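Enquirer: Would you mind keeping the following structure in view while I ask a few things?
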Amino acid sequence: MTRYAHITGWGDGLPPAVLTNQDLSTFLETSDEWIVQRTGMKERRISHVSAIEMATLASRRALACADLDPAELELIVYGSCSPDEQVPNSASGVQIALKATRAAAMDVNTACTSFLYGLASATAMIQSGMVQNALVIGVEYISPFMDWSNRNVAVLFGDGAAAVVLQASDEPGGVVGTVLGCDAEARQTLRVRGMGCSYVQGDLHYGDTLWDFDGQAIFKRAVHGMSEACARVMNEAGVTADDIDLVVPHQANLRIIESVAKYAGVPMERVMLTVQRYGNMSAATVPVALSDALAEGRVKPGSLLLMPGFGGGLTYGALLVRWGQRVTPLRQSDAALPPVAQSALEMVNAIRARQDPHGRSLDALMSTRFIEAVAG
């Protein structure tokens, strides 16, 4: 008998502190108009707690939504490129916070596509019979690793988390189409210098980063990769743009989203947009957009959702999800983050005061030799 993996629970874990475009203009040569015209973004969140804490909040809400006891959870997939720790992994941190003692726990890092890769992996494990249910998280705590002196990237990213619960079912639905890929030829166009073992031999102050960010190349390859993935997944599933009820894309940039929607043949009124509220939360953007779409009543019983994304690597992908019959939570969680004592701007200014990537850490950040140079 064919097994399916339905999304039965969903929840977000967004920090309350909001960093506006006006806030950014207090220390960057930028303006609200400049940022909105180029990105569609007006604000983003800055976290006062760890990534695991945000992920745990989202997970508690998703489990309550599905009315699933954490003790029954069999798999936790933690998608992120900004883990609190490398060893032990972050998924185990969520496991212990939830007391989900039966669950296997693994991290997935494909940058902004981490949630999509995690959702595809967990679905395959349920379909194979390996597990009966899974918790898939997308979370980022990017603000401590941001180069806040670089206008090209500092205006883009924010912190946040969301999670979904998958459960095995005999009823057709869940992820019904998957295309994943990686345009590794262009991996050097998006790199965060200062994160990873390549930098341990240099005189580097941890937290100092430089971002290699080729905006034009990323834009072109992102649009191409996501559009190709959308076309392939729809063709393989035998559906057309007319069958898509809602596109829930990675929220990297409004112009990228508009271009992908155009190539997919889906009008913008059938695209879920959160980029103006949260900016680019990397792995968290798709699940947060999904959670918001459900809260706003934009996902109906039986809806067909298209979820495209791209990220560092340059990874890309598109998933087709056939929604089940339930679009409201079975239970609500009363879990919440602790109160925040500072404004988002105050937290960012505190990070800025600790950073000196263009001074003390510059040699270490710029002297590293990467695999593409070795392979070339």
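For the structure tokens, the naming scheme is as follows: chains receive sequential letters (A, B, ...) according to their order of presentation, residues are indexed from 1 within each chain, and ligands are indexed from 1 in presentation order.
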So that I can see what lies close to Met234 in chain A, please list as an MDAnalysis selection string the residues with an atom at most 9 Å from it, counting only C-alpha atoms and leaving out residues fewer than 6 positions away in the same chain.
Expert: chainID A and resid 177 240:241 306 320
Enquirer: Would you put the residues from that selection into a file with N, CA and C atoms, as a compact mmCIF listing (two decimals), in the first residue's frame?
Expert:
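Written file, again.txt:
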# COMPACT_ATOMS: atom_id res chain seq x y z
N GLY A 177 5.37 15.94 -5.29
CA GLY A 177 6.37 16.17 -6.32
C GLY A 177 7.58 16.85 -5.73
N THR A 240 -0.49 21.79 -14.31
CA THR A 240 -0.15 23.05 -14.97
C THR A 240 -0.28 24.20 -13.97
N ALA A 241 0.09 25.39 -14.42
CA ALA A 241 -0.02 26.57 -13.56
C ALA A 241 -1.45 26.80 -13.11
N LEU A 306 2.76 25.11 -4.45
CA LEU A 306 4.07 25.02 -5.09
C LEU A 306 5.06 25.78 -4.22
N LEU A 320 5.89 20.17 -4.65
CA LEU A 320 4.44 20.26 -4.79
C LEU A 320 3.81 19.57 -3.59
Enquirer: Need the shell around range 279-291 of chain A: protein/DNA/RNA residues with any atom at most 7 Å away, counting only C-alpha atoms. Skip same-chain ones fewer than 3 positions apart. Format as a ChimeraX atom specification?
Expert: /A:10-12,41,43-44,79-80,111-115,138-140,156-163,248-252,272,274-276,294-295
Enquirer: Could you write out that same residue set with C-alpha atoms as a JSON list (two decimals), in the first residue's frame?
Expert:
[["chain", "number", "residue", "atom", "x", "y", "z"],
["A", 10, "TRP", "CA", 2.39, 24.02, 11.71],
["A", 11, "GLY", "CA", 3.67, 26.86, 13.87],
["A", 12, "ASP", "CA", 6.11, 29.76, 13.91],
["A", 41, "MET", "CA", 11.45, 44.59, 2.24],
["A", 43, "GLU", "CA", 11.24, 45.26, 8.14],
["A", 44, "ARG", "CA", 12.79, 42.11, 9.58],
["A", 79, "GLY", "CA", 17.15, 22.97, 8.72],
["A", 80, "SER", "CA", 19.53, 25.90, 9.17],
["A", 111, "ALA", "CA", 21.32, 27.33, 3.36],
["A", 112, "CYS", "CA", 18.00, 28.89, 2.34],
["A", 113, "THR", "CA", 16.63, 25.61, 0.94],
["A", 114, "SER", "CA", 17.26, 23.70, 4.18],
["A", 115, "PHE", "CA", 13.57, 23.45, 5.06],
["A", 138, "GLY", "CA", 13.41, 25.89, 9.29],
["A", 139, "VAL", "CA", 15.27, 28.36, 11.51],
["A", 140, "GLU", "CA", 17.94, 31.04, 11.24],
["A", 156, "LEU", "CA", 18.23, 41.62, 3.45],
["A", 157, "PHE", "CA", 18.30, 39.15, 6.31],
["A", 158, "GLY", "CA", 16.39, 38.54, 9.52],
["A", 159, "ASP", "CA", 15.94, 35.95, 12.25],
["A", 160, "GLY", "CA", 13.03, 33.56, 12.74],
["A", 161, "ALA", "CA", 11.73, 29.99, 12.76],
["A", 162, "ALA", "CA", 8.80, 27.82, 11.80],
["A", 163, "ALA", "CA", 8.08, 24.10, 11.86],
["A", 248, "VAL", "CA", 4.73, 29.60, -1.20],
["A", 249, "PRO", "CA", 8.23, 30.64, -2.27],
["A", 250, "HIS", "CA", 11.50, 31.39, -0.57],
["A", 251, "GLN", "CA", 11.29, 35.08, 0.29],
["A", 252, "ALA", "CA", 14.70, 36.28, -0.90],
["A", 272, "MET", "CA", 2.17, 34.21, -0.73],
["A", 274, "THR", "CA", 5.96, 37.82, 3.53],
["A", 275, "VAL", "CA", 9.21, 39.43, 2.33],
["A", 276, "GLN", "CA", 7.89, 42.89, 3.27],
["A", 294, "LEU", "CA", -2.84, 29.16, 6.86],
["A", 295, "ALA", "CA", -3.55, 31.87, 9.44]]
Enquirer: Excluding same-chain residues fewer than 3 positions from Ala134 in chain A, what lies within 9 Å of it counting only C-alpha atoms, as an NGL selection string?
Expert: :A and (73-77 or 103 or 122-123 or 125-126 or 131 or 164-167)
Enquirer: The selected residues should be written to file as an mmCIF file, in the first residue's frame (atoms: N, CA, C and O atoms).
Expert:
data_model
loop_
_atom_site.group_PDB
_atom_site.id
_atom_site.type_symbol
_atom_site.label_atom_id
_atom_site.label_comp_id
_atom_site.auth_asym_id
_atom_site.auth_seq_id
_atom_site.Cartn_x
_atom_site.Cartn_y
_atom_site.Cartn_z
ATOM 1 N N LEU A 73 6.986 11.495 18.969
ATOM 2 C CA LEU A 73 7.719 11.981 17.795
ATOM 3 C C LEU A 73 8.877 11.038 17.471
ATOM 4 O O LEU A 73 9.607 10.607 18.363
ATOM 5 N N GLU A 74 9.058 10.723 16.173
ATOM 6 C CA GLU A 74 10.070 9.754 15.766
ATOM 7 C C GLU A 74 11.255 10.362 15.034
ATOM 8 O O GLU A 74 12.301 9.710 14.903
ATOM 9 N N LEU A 75 11.113 11.592 14.538
ATOM 10 C CA LEU A 75 12.201 12.197 13.768
ATOM 11 C C LEU A 75 12.112 13.713 13.880
ATOM 12 O O LEU A 75 11.028 14.284 13.747
ATOM 13 N N ILE A 76 13.271 14.350 14.112
ATOM 14 C CA ILE A 76 13.385 15.807 14.086
ATOM 15 C C ILE A 76 14.424 16.168 13.029
ATOM 16 O O ILE A 76 15.572 15.706 13.081
ATOM 17 N N VAL A 77 14.020 16.983 12.059
ATOM 18 C CA VAL A 77 14.929 17.490 11.033
ATOM 19 C C VAL A 77 15.049 18.997 11.225
ATOM 20 O O VAL A 77 14.061 19.722 11.136
ATOM 21 N N ALA A 103 12.774 10.337 19.445
ATOM 22 C CA ALA A 103 13.033 10.887 18.119
ATOM 23 C C ALA A 103 14.495 10.766 17.706
ATOM 24 O O ALA A 103 15.404 11.056 18.492
ATOM 25 N N ALA A 122 12.319 14.023 5.083
ATOM 26 C CA ALA A 122 11.398 13.437 6.060
ATOM 27 C C ALA A 122 10.240 12.730 5.366
ATOM 28 O O ALA A 122 9.788 11.659 5.806
ATOM 29 N N THR A 123 9.752 13.325 4.277
ATOM 30 C CA THR A 123 8.679 12.680 3.510
ATOM 31 C C THR A 123 9.131 11.315 3.000
ATOM 32 O O THR A 123 8.400 10.316 3.110
ATOM 33 N N MET A 125 11.407 9.364 4.194
ATOM 34 C CA MET A 125 11.569 8.417 5.298
ATOM 35 C C MET A 125 10.222 7.889 5.781
ATOM 36 O O MET A 125 10.105 6.715 6.156
ATOM 37 N N ILE A 126 9.197 8.728 5.748
ATOM 38 C CA ILE A 126 7.853 8.250 6.098
ATOM 39 C C ILE A 126 7.330 7.324 5.008
ATOM 40 O O ILE A 126 6.754 6.257 5.294
ATOM 41 N N VAL A 131 9.877 5.787 9.511
ATOM 42 C CA VAL A 131 9.251 6.481 10.639
ATOM 43 C C VAL A 131 7.790 6.736 10.299
ATOM 44 O O VAL A 131 7.382 6.708 9.127
ATOM 45 N N VAL A 164 6.869 22.297 10.832
ATOM 46 C CA VAL A 164 5.681 21.524 10.457
ATOM 47 C C VAL A 164 5.814 20.110 10.994
ATOM 48 O O VAL A 164 6.925 19.608 11.188
ATOM 49 N N VAL A 165 4.676 19.486 11.232
ATOM 50 C CA VAL A 165 4.609 18.076 11.612
ATOM 51 C C VAL A 165 4.114 17.287 10.408
ATOM 52 O O VAL A 165 3.136 17.671 9.755
ATOM 53 N N LEU A 166 4.799 16.190 10.111
ATOM 54 C CA LEU A 166 4.379 15.248 9.074
ATOM 55 C C LEU A 166 3.911 13.968 9.739
ATOM 56 O O LEU A 166 4.546 13.492 10.687
ATOM 57 N N GLN A 167 2.817 13.395 9.226
ATOM 58 C CA GLN A 167 2.340 12.118 9.738
ATOM 59 C C GLN A 167 1.946 11.201 8.585
ATOM 60 O O GLN A 167 1.397 11.652 7.565
#
Enquirer: My list of candidates is A:Gln86, A:Ala51, A:Gln22, A:Leu68. Which is closest to Cys197 in chain A when distances are computed with only C-alpha atoms?
Expert: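 For Cys197 in chain A, the nearest of the candidates is A:Gln86.
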Enquirer: Give me the residues within 9 Å of Thr56 in chain A as number ranges by chain, counting only C-alpha atoms and dropping any in the same chain fewer than 6 places off.
Expert: A: 13, 93-95, 97-98, 161, 163
